[in-house]
Each structure stands twice: as structure tokens, then as C-alpha cells.
Amino acid sequence: MTDPKLAPAVEETAEAIATMEIRGAATIASGAAEALATQAREIEADDPAAFRASMRAAARTLHETRPTAVSLPNALRYVLRRMAGDDVGALRRSILDAVEEFVRQLDRAQDDLGEIGANRLADGDTVMTHCHSTDALACVEAAVAQGKEIEAIVKETRPRNQGHITAEQLRDAGVPVTLIVDSAARRYLDDVDHVVVGADSIAADGSVINKVGTSGLAVNARERGVPIMTAAQTIKLHPETLTGHTVEIEMRDEAEVIAPDARAAIGEISVENPAFDVTPPRYMDAIVTEHGQFPPESIVTLMRELFGEGAARPWAEP
Ligand code: RUB
């Protein structure tokens, strides 16, 4: 049997996720869902079985791009689970409806968690950020919309400097921004009232998996007595950790850390480039979701409520 055909947009989205043109957990989730919608719209299938197989193939291609970003399988699972119908037309409609609902929920979740996170920030606060998280920014932006004056100290976040995106978006929101190198974070924590970070995924024990450097920042914030919150929609909760699986950390290209010629000039060295790290729950004050804020250790209750049915992998079915 030949492999089902993929819509060009699926390949393009997969490439954009792999190269991080589309990045950040929530944006990856909505990008992948939209790609499934395009697949459903554009692919000609002779019968329901061929349509279903083509949707699963599209989901597989998307899933392989950044396999440790849990929002990606959560998005694919949400859409494929709702694929239903006796003919191709009905199946197609079910996918398009599911994607529309998924993206709507994602937007609403971010607005809702932004309001909740904003309540933790006071007028006149200075926040420190790490990397670029749309969920974390939603909290700061909502605080500004509430009329609070907020300033930001933004870590550049090596190796890819996503802090620059944060700096630009905060400037656009009217927030005064000071950009610092990552290693200056502890020095500037003395000027900070609240650290706000996002999450790539959250484990059942309340561990926060986020851009590498988050755990060191959290430990330093605790040592300086500065509260730290993670803003994370429930799409970031990692259902497989409910059954004891550990979270795999994505290792990225070494060339992101050092250019090949500079590396060659140094001589024989090895280079490691983990994309994320794990912050144990004891270093995080709160996880803010669209369902409210939780001490990290109690996030498991919410996970059971939302993912009680487990973590199927519908894209892996033949
Ligand atoms: C991005 C990162 C973000 C989370 C949350 O890493 O760690 O903090 O993904 O983002 P990368 P959001 O740049 O490697 O994707 O809140 O936008 O979902």
C-alpha cells in the first residue's frame, strides 16, 4: 500500500515547526491543528478508510517534528478523536469543526489564564521573564489592561534568543523593558517582584518542563525570595506522566550553541544543546491555568479530571 498523500501545507507546517519558525507550545498546537484542517479540506479520498488513513499520516508527520512538545500530541489527539462519520463529507466536517473548536478553546484559555495570572501581579511590579511564552505574556498584558504599571527584565535566553521576541512584544504593550544576558539573572532578581515563565509541558508531579534555564532561574528566585509562577494552558499537561512515564527532553542541533568554524578553532570538544529543563515542583509557587491557579503538587487532580481517559496515540494506528 502506498503512503497516503499529504497536503503541501502539512509538509510546510511540519518543516516550520522543526525549524522553529513556528514555536512555543501553544503556537505549535494551533499550527498543527490548522494543518490537519488543511489536510481534511484538500485531500481527495475515495472512501472513509482512505480519508482516515490520510489524516493519521498527516498527524504522524506533524508529530515527528518536535516529539517532546506535549502540546503537539495533545492537539493531534483532540482533533483525531473527534473524527467521525460514515462518508468522506461527514468525516471532513468533523475534522474542520474539531479544529475550529480547538483553536477557539486555545484562545479562550489563554485569555482566561491571563486574567488569573494578572491577579498575582500588583501595580508597580517588575517582572522577570525567560524565553518567549504567549501564556506568560498574556498574564503581563492582562495586568497592563487592568491599569497596572508593570516593568520587565527580560532574559535574552540563549542559544536562540527568544527573549528578543518577548522584549518586542512587551514594548508593543507599553511595558518598559530591560534586556539582560542569562547569567545576569541572579543579580537582577533583587529588583524583581515576580518571575513569570511559561511551560512546554507539565508532569503529573507538578514538575515544569520549560526552556532550558528555567530551573536555575527558579532556584535563584527561591533563594532571593521572589515568587515565581508558570502560566500554562491545560494543553501543556502531559497525560503520559500520569502512568509514570518520564518526560523526554529535546536535544537540538549543536550549531545553535556554537558556529562550526568557531568550534573547529577550539579543537576537540563535545557540545550539548538541551532545549528544555525540569523545574521540580518545590521551586515553583503556582501553576496558572485557565481553570485557576494551583500549587504544583496538586496539578495531578486537574490532570486526572481532564485526561482520565488516558493518552491514546491515534496517529500511530495503521
Ligand atoms: C518555548 C518555551 C515556552 C513554552 C511556552 O520553547 O519554552 O516557554 O513553549 O510557550 P521553544 P507558550 O522556543 O523551543 O519552542 O506559552 O507560547 O505556549
# chains A, B, ... in the order shown; residues from 1 in each chain; ligands from 1
$ residues_near_ligand --ligand "ligand 1" --cutoff "8 Å" --atoms "only C-alpha atoms and all ligand atoms" --output "compact mmCIF listing (two decimals) with N, CA, C and O atoms, in the first residue's frame"
# COMPACT_ATOMS: atom_id res chain seq x y z
N MET A 20 11.59 25.75 13.93
CA MET A 20 11.19 26.71 14.98
C MET A 20 10.72 28.05 14.42
O MET A 20 10.71 29.04 15.14
N ILE A 22 7.67 28.16 13.52
CA ILE A 22 6.50 28.06 14.42
C ILE A 22 7.04 27.46 15.71
O ILE A 22 7.59 26.36 15.69
N ARG A 23 6.92 28.20 16.83
CA ARG A 23 7.48 27.68 18.08
C ARG A 23 6.71 28.22 19.27
O ARG A 23 5.88 29.13 19.14
N GLY A 24 7.00 27.65 20.45
CA GLY A 24 6.19 27.96 21.63
C GLY A 24 5.04 26.95 21.63
O GLY A 24 4.41 26.70 20.59
N ALA A 25 4.80 26.38 22.82
CA ALA A 25 3.88 25.22 22.87
C ALA A 25 2.49 25.52 22.32
O ALA A 25 1.93 24.72 21.55
N ALA A 26 1.91 26.67 22.68
CA ALA A 26 0.54 26.96 22.24
C ALA A 26 0.49 27.20 20.74
O ALA A 26 -0.44 26.75 20.05
N THR A 27 1.50 27.88 20.21
CA THR A 27 1.52 28.18 18.78
C THR A 27 1.75 26.91 17.96
O THR A 27 1.18 26.74 16.88
N ILE A 28 2.57 26.01 18.50
CA ILE A 28 2.77 24.72 17.83
C ILE A 28 1.44 23.96 17.77
O ILE A 28 1.06 23.40 16.74
N ALA A 69 7.38 17.98 22.54
CA ALA A 69 6.49 19.11 22.87
C ALA A 69 5.08 18.55 23.06
O ALA A 69 4.40 18.22 22.10
N HIS A 130 11.59 34.62 31.05
CA HIS A 130 12.58 33.74 30.44
C HIS A 130 11.99 33.21 29.14
O HIS A 130 10.82 32.83 29.11
N CYS A 131 12.77 33.22 28.07
CA CYS A 131 12.33 32.75 26.76
C CYS A 131 11.15 33.58 26.25
O CYS A 131 11.00 34.76 26.60
N HIS A 132 10.32 32.98 25.42
CA HIS A 132 9.12 33.68 24.93
C HIS A 132 7.94 32.72 25.08
O HIS A 132 7.91 31.65 24.48
N SER A 133 7.01 33.13 25.93
CA SER A 133 5.83 32.32 26.16
C SER A 133 4.60 33.19 25.98
O SER A 133 4.44 34.21 26.67
N THR A 134 3.71 32.78 25.08
CA THR A 134 2.48 33.57 24.87
C THR A 134 1.59 33.50 26.12
O THR A 134 0.87 34.46 26.41
N ASP A 135 1.65 32.37 26.85
CA ASP A 135 0.84 32.28 28.07
C ASP A 135 1.37 33.23 29.16
O ASP A 135 0.60 33.89 29.84
N ALA A 136 2.70 33.29 29.31
CA ALA A 136 3.27 34.21 30.30
C ALA A 136 2.98 35.66 29.91
O ALA A 136 2.60 36.48 30.77
N LEU A 137 3.12 35.96 28.62
CA LEU A 137 2.85 37.33 28.17
C LEU A 137 1.39 37.70 28.40
O LEU A 137 1.09 38.86 28.71
N ARG A 160 18.94 30.63 21.32
CA ARG A 160 18.22 31.19 20.16
C ARG A 160 17.63 32.57 20.43
O ARG A 160 16.94 33.13 19.60
N GLN A 162 15.13 33.82 22.19
CA GLN A 162 13.69 34.11 22.06
C GLN A 162 13.26 35.24 22.99
O GLN A 162 12.16 35.77 22.84
N VAL A 197 7.03 32.66 33.96
CA VAL A 197 7.53 31.82 32.85
C VAL A 197 6.37 31.02 32.28
O VAL A 197 5.29 30.91 32.89
N GLY A 198 6.60 30.42 31.13
CA GLY A 198 5.61 29.53 30.52
C GLY A 198 5.99 28.09 30.79
O GLY A 198 6.84 27.80 31.65
N ALA A 199 5.37 27.18 30.06
CA ALA A 199 5.74 25.77 30.17
C ALA A 199 5.59 25.11 28.82
O ALA A 199 4.65 25.40 28.08
N ASP A 200 6.53 24.24 28.53
CA ASP A 200 6.38 23.40 27.35
C ASP A 200 5.50 22.22 27.72
O ASP A 200 4.62 21.83 26.96
N SER A 201 5.75 21.67 28.91
CA SER A 201 4.82 20.66 29.42
C SER A 201 4.92 20.60 30.95
O SER A 201 5.86 21.13 31.54
N ILE A 209 8.34 21.62 32.79
CA ILE A 209 9.34 21.47 31.73
C ILE A 209 9.23 22.72 30.86
O ILE A 209 8.17 22.99 30.28
N ASN A 210 10.28 23.51 30.83
CA ASN A 210 10.26 24.75 30.05
C ASN A 210 11.66 25.00 29.50
O ASN A 210 12.61 24.27 29.83
N LYS A 211 11.78 26.05 28.71
CA LYS A 211 13.05 26.39 28.05
C LYS A 211 14.22 26.28 29.03
O LYS A 211 14.13 26.72 30.17
N VAL A 212 15.30 25.67 28.56
CA VAL A 212 16.46 25.42 29.41
C VAL A 212 16.88 26.74 30.10
O VAL A 212 16.91 27.80 29.47
N ALA A 231 2.78 30.08 33.78
CA ALA A 231 1.50 30.26 33.10
C ALA A 231 1.40 29.18 32.03
O ALA A 231 2.24 29.12 31.14
N ALA A 232 0.41 28.32 32.14
CA ALA A 232 0.33 27.18 31.21
C ALA A 232 -1.11 26.73 31.01
O ALA A 232 -1.76 26.32 31.97
N GLN A 233 -1.55 26.79 29.78
CA GLN A 233 -2.87 26.24 29.47
C GLN A 233 -2.85 24.73 29.71
O GLN A 233 -1.79 24.10 29.61
N LYS A 236 -0.84 21.92 27.96
CA LYS A 236 0.56 21.60 28.30
C LYS A 236 0.66 20.43 29.29
O LYS A 236 1.77 20.00 29.59
N ALA A 275 17.00 21.53 24.83
CA ALA A 275 16.09 22.67 24.61
C ALA A 275 15.36 23.06 25.90
O ALA A 275 15.02 24.22 26.10
N PHE A 276 15.12 22.08 26.76
CA PHE A 276 14.28 22.33 27.95
C PHE A 276 14.96 21.78 29.20
O PHE A 276 15.90 21.00 29.11
$ residues_around --residues "Phe51 (chain A)" --least-positions-apart "2" --cutoff "12 Å" --atoms "only C-alpha atoms" --output "MDAnalysis selection string"
chainID A and resid 4:6 36 39:49 53:58 80 83:95
$ residues_around --residues "Met303 (chain A)" --least-positions-apart "5" --cutoff "8 Å" --atoms "only C-alpha atoms" --output "list in words"
Ala204, Leu237, Pro239, Leu242 and Gly308 of chain A
$ write_last_selection --atoms "N, CA, C and O atoms" --output "CSV table (one decimal), in the first residue's frame"
chain,number,residue,atom,x,y,z
A,204,ALA,N,2.8,15.1,36.0
A,204,ALA,CA,1.8,14.8,37.0
A,204,ALA,C,2.3,15.2,38.4
A,204,ALA,O,1.5,15.5,39.3
A,237,LEU,N,-0.5,20.0,29.9
A,237,LEU,CA,-0.4,18.9,30.9
A,237,LEU,C,0.0,17.6,30.1
A,237,LEU,O,-0.6,17.3,29.1
A,239,PRO,N,-0.3,13.9,29.7
A,239,PRO,CA,-1.1,12.8,30.2
A,239,PRO,C,-0.3,11.6,30.5
A,239,PRO,O,-0.6,10.8,31.4
A,242,LEU,N,1.0,10.6,34.0
A,242,LEU,CA,0.0,10.1,35.0
A,242,LEU,C,0.3,8.6,35.2
A,242,LEU,O,0.0,8.0,36.3
A,308,GLY,N,-8.5,11.7,32.3
A,308,GLY,CA,-8.9,10.4,32.9
A,308,GLY,C,-8.9,9.3,31.9
A,308,GLY,O,-8.5,8.1,32.2
$ residues_around --residues "Ile153 (chain A)" --least-positions-apart "2" --cutoff "8 Å" --atoms "only C-alpha atoms" --output "ChimeraX atom specification"
/A:126-129,151,155,177-180,188,192
$ residues_around --residues "Glu254 (chain A)" --least-positions-apart "5" --cutoff "8 Å" --atoms "only C-alpha atoms" --output "list in words"
Val271, Glu272 and Asn273 of chain A
$ closest_atom_pairs --of "region 63-92 of chain A" --to "region 29-33 of chain A" --cutoff "12 Å" --atoms "only C-alpha atoms" --output "tab-separated table"
residue	atom	partner	partner_atom	distance
A:His63	CA	A:Ala32	CA	8.6
A:Glu64	CA	A:Ala32	CA	11.4
A:Thr65	CA	A:Ala32	CA	10.3
A:Arg66	CA	A:Ala29	CA	11.1
A:Ala69	CA	A:Ala29	CA	9.1
A:Val70	CA	A:Ala29	CA	8.8
A:Ser71	CA	A:Ala29	CA	5.4
A:Leu72	CA	A:Ala29	CA	5.0
A:Pro73	CA	A:Ala29	CA	8.2
A:Asn74	CA	A:Ala29	CA	7.7
A:Ala75	CA	A:Ala29	CA	5.4
A:Leu76	CA	A:Ala33	CA	6.6
A:Arg77	CA	A:Ala33	CA	9.7
A:Tyr78	CA	A:Ala33	CA	8.9
A:Val79	CA	A:Ala33	CA	7.1
A:Leu80	CA	A:Ala33	CA	9.7
$ write_last_selection --atoms "C-alpha atoms" --output "short mmCIF file (atom, residue, chain, number, x, y, z; two decimals), in the first residue's frame"
data_model
loop_
_atom_site.label_atom_id
_atom_site.label_comp_id
_atom_site.auth_asym_id
_atom_site.auth_seq_id
_atom_site.Cartn_x
_atom_site.Cartn_y
_atom_site.Cartn_z
CA HIS A 63 4.10 14.58 15.45
CA GLU A 64 7.63 13.69 14.37
CA THR A 65 8.75 17.33 14.19
CA ARG A 66 9.26 18.10 17.88
CA ALA A 69 6.49 19.11 22.87
CA VAL A 70 3.40 17.68 24.56
CA SER A 71 1.00 20.32 23.22
CA LEU A 72 1.58 18.78 19.80
CA PRO A 73 0.29 15.24 20.54
CA ASN A 74 -2.42 16.76 22.75
CA ALA A 75 -3.64 18.85 19.79
CA LEU A 76 -3.46 15.93 17.34
CA ARG A 77 -5.29 13.71 19.81
CA TYR A 78 -8.03 16.30 20.36
CA VAL A 79 -8.74 16.57 16.62
CA LEU A 80 -8.39 12.90 15.61
#
$ atom_distance --atom1 "CA of Pro227 (chain A)" --atom2 "CA of Asp193 (chain A)"
7.1 Å
